[in-house]
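S.K.: One file is attached below, work_20.csv, containing CSV, C-alpha atoms.
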chain,number,residue,atom,x,y,z
A,1,MET,CA,-171.3,-66.4,-85.4
A,2,GLU,CA,-173.1,-63.7,-83.5
A,3,ILE,CA,-169.9,-61.9,-82.6
A,4,LEU,CA,-168.7,-61.8,-86.2
A,5,GLU,CA,-172.1,-60.7,-87.5
A,6,LYS,CA,-172.2,-57.8,-85.0
A,7,ILE,CA,-168.7,-56.7,-85.9
A,8,ILE,CA,-169.6,-56.7,-89.6
A,9,SER,CA,-172.9,-54.9,-88.9
A,10,ARG,CA,-171.0,-52.1,-87.1
A,11,ILE,CA,-168.8,-51.4,-90.2
A,12,ASN,CA,-170.5,-48.5,-91.9
A,13,ILE,CA,-168.1,-48.2,-94.9
A,14,ASP,CA,-167.2,-50.4,-97.8
A,15,ALA,CA,-164.2,-50.3,-100.1
A,16,PRO,CA,-162.8,-52.2,-103.1
A,17,VAL,CA,-160.4,-55.0,-102.5
A,18,LYS,CA,-157.1,-53.8,-103.9
A,19,GLU,CA,-155.0,-56.8,-103.2
A,20,VAL,CA,-155.1,-60.3,-101.5
A,21,ARG,CA,-152.0,-62.2,-100.4
A,22,LYS,CA,-152.2,-65.6,-98.9
A,23,GLY,CA,-148.8,-66.6,-97.4
A,24,VAL,CA,-147.8,-69.7,-95.5
A,25,PHE,CA,-148.5,-68.1,-92.2
A,26,TRP,CA,-150.5,-64.9,-92.9
A,27,THR,CA,-153.3,-63.8,-95.1
A,28,ALA,CA,-153.6,-60.1,-96.0
A,29,VAL,CA,-156.5,-58.2,-97.6
A,30,VAL,CA,-155.9,-54.6,-98.7
A,31,SER,CA,-158.9,-52.3,-98.9
A,32,ARG,CA,-159.0,-49.2,-96.8
A,33,PHE,CA,-156.1,-50.6,-94.8
A,34,CYS,CA,-154.1,-53.8,-94.9
A,35,GLY,CA,-155.8,-56.3,-92.7
A,36,LEU,CA,-154.2,-59.6,-91.5
A,37,SER,CA,-155.4,-63.0,-90.3
A,38,SER,CA,-153.8,-66.3,-89.8
A,39,THR,CA,-153.7,-68.5,-92.9
A,40,MET,CA,-155.9,-71.5,-92.3
A,41,LEU,CA,-156.6,-74.2,-94.9
A,42,LYS,CA,-159.1,-77.0,-95.2
A,43,GLU,CA,-157.5,-80.3,-94.3
A,44,TYR,CA,-156.8,-82.5,-97.3
A,45,CYS,CA,-157.7,-79.7,-99.8
A,46,THR,CA,-156.4,-80.4,-103.3
A,47,ASP,CA,-157.0,-78.8,-106.6
A,48,GLU,CA,-159.7,-81.5,-107.2
A,49,THR,CA,-161.5,-80.8,-103.9
A,50,ALA,CA,-161.2,-77.0,-104.0
A,51,ASP,CA,-164.4,-75.0,-103.9
A,52,ALA,CA,-165.4,-74.5,-107.6
A,53,SER,CA,-167.9,-71.8,-106.5
A,54,ALA,CA,-165.1,-69.5,-105.2
A,55,PRO,CA,-164.6,-66.4,-107.3
A,56,ALA,CA,-161.8,-66.3,-109.8
A,57,SER,CA,-160.5,-63.1,-108.1
A,58,PHE,CA,-161.4,-61.7,-104.7
A,59,THR,CA,-160.5,-58.3,-106.1
A,60,GLU,CA,-163.7,-58.4,-108.0
A,61,MET,CA,-165.6,-58.3,-104.7
A,62,THR,CA,-165.9,-55.5,-102.2
A,63,ALA,CA,-164.2,-55.8,-98.8
A,64,LEU,CA,-167.6,-56.2,-97.0
A,65,GLU,CA,-168.5,-59.0,-99.4
A,66,VAL,CA,-165.2,-60.8,-98.6
A,67,ALA,CA,-165.7,-60.0,-94.8
A,68,ARG,CA,-168.9,-62.0,-94.8
A,69,LEU,CA,-166.8,-65.1,-95.7
A,70,SER,CA,-165.7,-65.0,-92.1
A,71,LEU,CA,-169.1,-66.7,-91.3
A,72,SER,CA,-168.3,-69.7,-93.5
A,73,ASP,CA,-167.7,-73.1,-92.1
A,74,ASP,CA,-164.8,-73.4,-94.6
A,75,ILE,CA,-161.9,-72.1,-92.5
A,76,SER,CA,-159.9,-71.1,-95.6
A,77,LYS,CA,-162.7,-68.7,-96.5
A,78,ALA,CA,-163.2,-67.6,-92.9
A,79,SER,CA,-159.5,-66.6,-92.5
A,80,LEU,CA,-159.8,-64.5,-95.6
A,81,GLY,CA,-163.0,-62.9,-94.2
A,82,LEU,CA,-161.2,-62.0,-91.0
A,83,ALA,CA,-158.5,-60.3,-92.9
A,84,ALA,CA,-161.1,-58.3,-94.9
A,85,ILE,CA,-162.8,-57.3,-91.6
A,86,ASN,CA,-159.5,-56.0,-90.3
A,87,SER,CA,-158.9,-54.1,-93.6
A,88,LEU,CA,-162.1,-52.1,-93.0
A,89,LEU,CA,-162.0,-51.4,-89.3
A,90,ASP,CA,-161.4,-47.9,-88.0
A,91,ILE,CA,-159.4,-48.1,-84.8
A,92,ASP,CA,-160.4,-45.8,-82.0
A,93,GLU,CA,-157.0,-44.3,-81.1
A,94,SER,CA,-158.2,-43.0,-77.8
A,95,ARG,CA,-158.8,-46.6,-76.7
A,96,ILE,CA,-155.2,-47.8,-77.5
A,97,VAL,CA,-153.0,-48.4,-74.4
A,98,GLU,CA,-149.3,-48.4,-74.5
A,99,ILE,CA,-148.7,-51.9,-73.1
A,100,ASN,CA,-147.7,-55.2,-74.5
A,101,ALA,CA,-150.5,-57.8,-73.9
A,102,GLY,CA,-147.9,-60.5,-73.1
A,103,ASP,CA,-146.3,-58.3,-70.5
A,104,LEU,CA,-149.8,-57.5,-69.0
A,105,LEU,CA,-150.5,-61.2,-68.8
A,106,LEU,CA,-147.2,-61.9,-67.0
A,107,LYS,CA,-148.0,-59.1,-64.5
A,108,LYS,CA,-151.5,-60.3,-63.8
A,109,GLY,CA,-150.8,-64.0,-63.9
A,110,ILE,CA,-148.5,-64.1,-60.8
A,111,GLY,CA,-149.8,-66.8,-58.5
A,112,LYS,CA,-153.0,-67.3,-60.6
A,113,ASN,CA,-154.6,-70.1,-62.5
A,114,VAL,CA,-154.1,-69.3,-66.1
A,115,SER,CA,-155.4,-71.0,-69.3
A,116,VAL,CA,-154.0,-70.2,-72.7
A,117,ILE,CA,-155.7,-71.3,-75.8
A,118,GLY,CA,-153.0,-71.6,-78.5
A,119,HIS,CA,-149.2,-71.2,-78.4
A,120,PHE,CA,-147.7,-67.9,-77.6
A,121,PRO,CA,-144.1,-66.9,-77.0
A,122,PHE,CA,-144.7,-65.9,-73.4
A,123,SER,CA,-145.9,-69.4,-72.3
A,124,ASP,CA,-142.5,-70.5,-70.9
A,125,ALA,CA,-142.2,-67.3,-68.8
A,126,LEU,CA,-145.8,-67.5,-67.7
A,127,LYS,CA,-145.3,-71.1,-66.5
A,128,LYS,CA,-142.7,-69.9,-64.0
A,129,ILE,CA,-144.9,-67.3,-62.3
A,130,ALA,CA,-148.5,-68.8,-62.5
A,131,LYS,CA,-150.0,-71.0,-59.8
A,132,HIS,CA,-151.2,-73.3,-62.6
A,133,LEU,CA,-150.8,-72.9,-66.4
A,134,TRP,CA,-152.9,-74.9,-68.8
A,135,VAL,CA,-151.9,-74.5,-72.5
A,136,ILE,CA,-154.8,-76.0,-74.5
A,137,GLU,CA,-154.0,-76.7,-78.2
A,138,LYS,CA,-155.3,-78.7,-81.1
A,139,ARG,CA,-151.7,-79.5,-82.2
A,140,GLN,CA,-150.2,-80.4,-78.9
A,141,ARG,CA,-146.6,-80.0,-77.9
A,142,PRO,CA,-145.1,-81.7,-74.8
A,143,GLY,CA,-147.0,-80.4,-71.7
A,144,ASP,CA,-150.0,-79.2,-73.7
A,145,TYR,CA,-153.6,-80.3,-73.0
A,146,PRO,CA,-156.1,-81.4,-75.7
A,147,GLU,CA,-159.0,-79.2,-76.8
A,148,ASP,CA,-161.5,-81.3,-74.8
A,149,ASP,CA,-159.8,-80.2,-71.6
A,150,ALA,CA,-161.0,-76.7,-72.0
A,151,GLU,CA,-164.2,-77.8,-70.3
A,152,ARG,CA,-162.2,-78.9,-67.2
A,153,TYR,CA,-159.7,-76.1,-66.9
A,154,LEU,CA,-161.3,-72.9,-68.1
A,155,PRO,CA,-163.9,-72.9,-65.3
A,156,GLN,CA,-161.0,-73.0,-62.8
A,157,SER,CA,-159.1,-70.1,-64.4
A,158,ASP,CA,-158.5,-66.6,-63.0
A,159,ILE,CA,-157.1,-65.5,-66.4
A,160,VAL,CA,-157.9,-66.9,-69.9
A,161,ALA,CA,-155.8,-65.9,-72.9
A,162,ILE,CA,-157.4,-67.0,-76.2
A,163,SER,CA,-155.9,-67.0,-79.7
A,164,SER,CA,-158.0,-65.0,-82.1
A,165,THR,CA,-157.8,-67.9,-84.6
A,166,THR,CA,-160.8,-69.1,-82.5
A,167,LEU,CA,-162.8,-66.5,-84.5
A,168,ILE,CA,-161.8,-68.3,-87.7
A,169,ASN,CA,-162.9,-71.7,-86.5
A,170,HIS,CA,-165.9,-70.2,-84.7
A,171,THR,CA,-165.0,-71.7,-81.3
A,172,LEU,CA,-164.7,-68.4,-79.4
A,173,PRO,CA,-168.3,-68.2,-78.1
A,174,GLU,CA,-168.1,-71.6,-76.5
A,175,LEU,CA,-164.7,-70.9,-74.9
A,176,LEU,CA,-166.1,-67.6,-73.5
A,177,ARG,CA,-169.1,-69.5,-72.1
A,178,LEU,CA,-166.7,-71.8,-70.1
A,179,CYS,CA,-164.9,-68.9,-68.5
A,180,PRO,CA,-165.9,-67.7,-65.0
A,181,GLU,CA,-167.5,-64.3,-65.0
A,182,ARG,CA,-164.9,-63.0,-62.6
A,183,SER,CA,-162.0,-64.1,-64.8
A,184,VAL,CA,-159.9,-61.8,-67.0
A,185,LYS,CA,-160.4,-62.8,-70.6
A,186,MET,CA,-157.9,-61.8,-73.3
A,187,LEU,CA,-158.1,-62.2,-77.1
A,188,LEU,CA,-154.7,-62.2,-78.7
A,189,GLY,CA,-153.0,-62.3,-82.0
A,190,PRO,CA,-152.8,-60.4,-85.3
A,191,THR,CA,-156.1,-61.9,-86.5
A,192,THR,CA,-157.9,-60.0,-83.6
A,193,PRO,CA,-160.5,-57.4,-84.9
A,194,MET,CA,-159.9,-54.3,-82.9
A,195,SER,CA,-163.6,-53.8,-82.3
A,196,THR,CA,-165.3,-52.9,-79.1
A,197,VAL,CA,-168.0,-55.4,-80.0
A,198,LEU,CA,-165.8,-58.0,-78.3
A,199,PHE,CA,-166.1,-56.1,-75.0
A,200,ASP,CA,-169.9,-56.6,-75.3
A,201,HIS,CA,-169.4,-60.3,-75.4
A,202,GLY,CA,-167.2,-60.7,-72.3
A,203,VAL,CA,-163.7,-60.1,-73.6
A,204,ASP,CA,-161.8,-57.7,-71.3
A,205,ILE,CA,-158.5,-57.2,-73.3
A,206,ILE,CA,-158.0,-57.3,-77.0
A,207,SER,CA,-154.6,-57.3,-78.6
A,208,GLY,CA,-154.0,-57.3,-82.3
A,209,SER,CA,-151.8,-55.6,-84.9
A,210,ARG,CA,-151.8,-52.7,-87.3
A,211,VAL,CA,-149.9,-52.7,-90.6
A,212,ILE,CA,-148.0,-49.5,-90.9
A,213,ASP,CA,-146.1,-50.3,-94.1
A,214,ASP,CA,-148.3,-52.3,-96.6
A,215,ASN,CA,-145.6,-52.9,-99.2
A,216,VAL,CA,-143.1,-54.3,-96.8
A,217,ALA,CA,-145.6,-56.4,-95.0
A,218,LEU,CA,-147.0,-57.9,-98.3
A,219,LYS,CA,-143.6,-58.7,-99.6
A,220,HIS,CA,-142.6,-60.7,-96.5
A,221,ILE,CA,-146.0,-62.4,-96.2
A,222,SER,CA,-145.6,-63.6,-99.8
A,223,GLU,CA,-142.1,-64.9,-98.9
A,224,GLY,CA,-143.5,-67.0,-96.1
A,225,ALA,CA,-142.5,-64.8,-93.1
A,226,ASN,CA,-143.8,-65.8,-89.7
A,227,PHE,CA,-145.1,-63.1,-87.3
A,228,ARG,CA,-141.8,-62.7,-85.5
A,229,GLN,CA,-140.0,-62.1,-88.8
A,230,LEU,CA,-142.8,-59.8,-90.0
A,231,LYS,CA,-142.6,-57.8,-86.8
A,232,ARG,CA,-138.8,-57.4,-87.1
A,233,THR,CA,-139.3,-55.6,-90.5
A,234,GLY,CA,-141.0,-52.7,-88.7
A,235,ALA,CA,-144.1,-53.0,-91.0
A,236,ILE,CA,-146.3,-54.2,-88.1
A,237,LYS,CA,-147.2,-52.6,-84.8
A,238,LEU,CA,-148.8,-54.4,-81.9
A,239,ILE,CA,-151.8,-52.7,-80.4
A,240,THR,CA,-154.0,-53.3,-77.3
A,241,MET,CA,-157.3,-52.1,-76.1
A,242,ILE,CA,-158.9,-52.7,-72.7
A,243,ARG,CA,-162.5,-52.7,-71.6
A,244,THR,CA,-161.8,-50.6,-68.4
A,245,ASP,CA,-158.7,-49.2,-66.7
A,246,GLU,CA,-159.0,-51.7,-63.8
A,247,TYR,CA,-157.2,-54.3,-66.0
A,248,LEU,CA,-154.0,-52.2,-65.9
A,249,VAL,CA,-153.8,-52.5,-62.2
Taking this structure as input, can you express it in the form of structure tokens?

M.R.:
Amino acid sequence: MEILEKIISRINIDAPVKEVRKGVFWTAVVSRFCGLSSTMLKEYCTDETADASAPASFTEMTALEVARLSLSDDISKASLGLAAINSLLDIDESRIVEINAGDLLLKKGIGKNVSVIGHFPFSDALKKIAKHLWVIEKRQRPGDYPEDDAERYLPQSDIVAISSTTLINHTLPELLRLCPERSVKMLLGPTTPMSTVLFDHGVDIISGSRVIDDNVALKHISEGANFRQLKRTGAIKLITMIRTDEYLV
């Protein structure tokens, strides 16, 4: 929670919430910008079990008010809160590097022990060049490792790539605690807040997204597009920031 609280505390501007879209895969909040996060829902949530205290319309709130929902134990609220954070953040253009985080991971992962929290498209390629690859996932596919194995494999890892959905379920601090200090730690995915606060908490590389065409992005989110489909529309740009230039070597 401390990471999210610090990110929110560094946001020195508020704005009305103009629009909220919750698609199958992605949630969008439009205030100053269009912010994204992964859509996450409470298990077994039905109309009868839905939170009756939730506002009838989030557009009656300010973006900072919605951003504070990121601190909720209800992951459906927390995912909305992350999108609101991303809708407010100013991105320091001088810190953006022109490199794909997946390509950087493949470059740095040669012959290394690598742990990946979550599924990413580069996992198959990474398996071919890493000394060991441990993909740790709640919903496991063949070859994946269960969440509890993070305690075993993260301390052995030279590189750790973590899905930014761990900010939604509030597991990121514990995962970072398990990483060796010498390891390279990456936070990846469109949910990632492009905030230098993450560098203060041990993350070395952050890779997220910027919506460059709100209307196109919102249309496809509403129609259930996944991120690959969304990216092909040209409405989204991947962006990466690094703590120091040494991680480019």

S.K.: Can you check which parts of segment 110-189 of chain A lie within 10 Å of segment 76-94 of chain A? Per residue, the shortest pair of atoms and distance in Å to one decimal, counting all atoms listed in the file, sorted by chain and number, as a tab-separated table.

M.R.:
residue	atom	partner	partner_atom	distance
A:Ser164	CA	A:Leu82	CA	9.9
A:Thr165	CA	A:Ser79	CA	8.2
A:Leu167	CA	A:Leu82	CA	8.1
A:Ile168	CA	A:Ala78	CA	5.4
A:Asn169	CA	A:Ala78	CA	7.6
A:His170	CA	A:Ala78	CA	9.0

S.K.: Nearest to Gly202 of chain A: which of A:Val216, A:Ile75, A:Leu176, A:Leu188 is it, counting all atoms listed in the file?

M.R.: A:Leu176

S.K.: Between A:Ile136, A:Ala125, A:Ile205, A:Ala225, which is the closest to Ala101 of chain A once you count all atoms listed in the file?

M.R.: A:Ile205

S.K.: Within 12 Å of segment 235-240 of chain A, which residues of segment 131-189 of chain A come that close, and what is the closest atom pair and distance in Å for each? Count all atoms listed in the file and give it as a tab-separated table.

M.R.:
residue	atom	partner	partner_atom	distance
A:Met186	CA	A:Thr240	CA	10.2
A:Leu187	CA	A:Thr240	CA	9.8
A:Leu188	CA	A:Thr240	CA	9.0
A:Gly189	CA	A:Leu238	CA	8.9

S.K.: Which residue, A:Ile8, A:Leu133, A:Met241, A:Val17, has the smallest gap to Arg95 of chain A when you use all atoms listed in the file?

M.R.: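 Of the candidates, the smallest distance to Arg95 of chain A is held by A:Met241.
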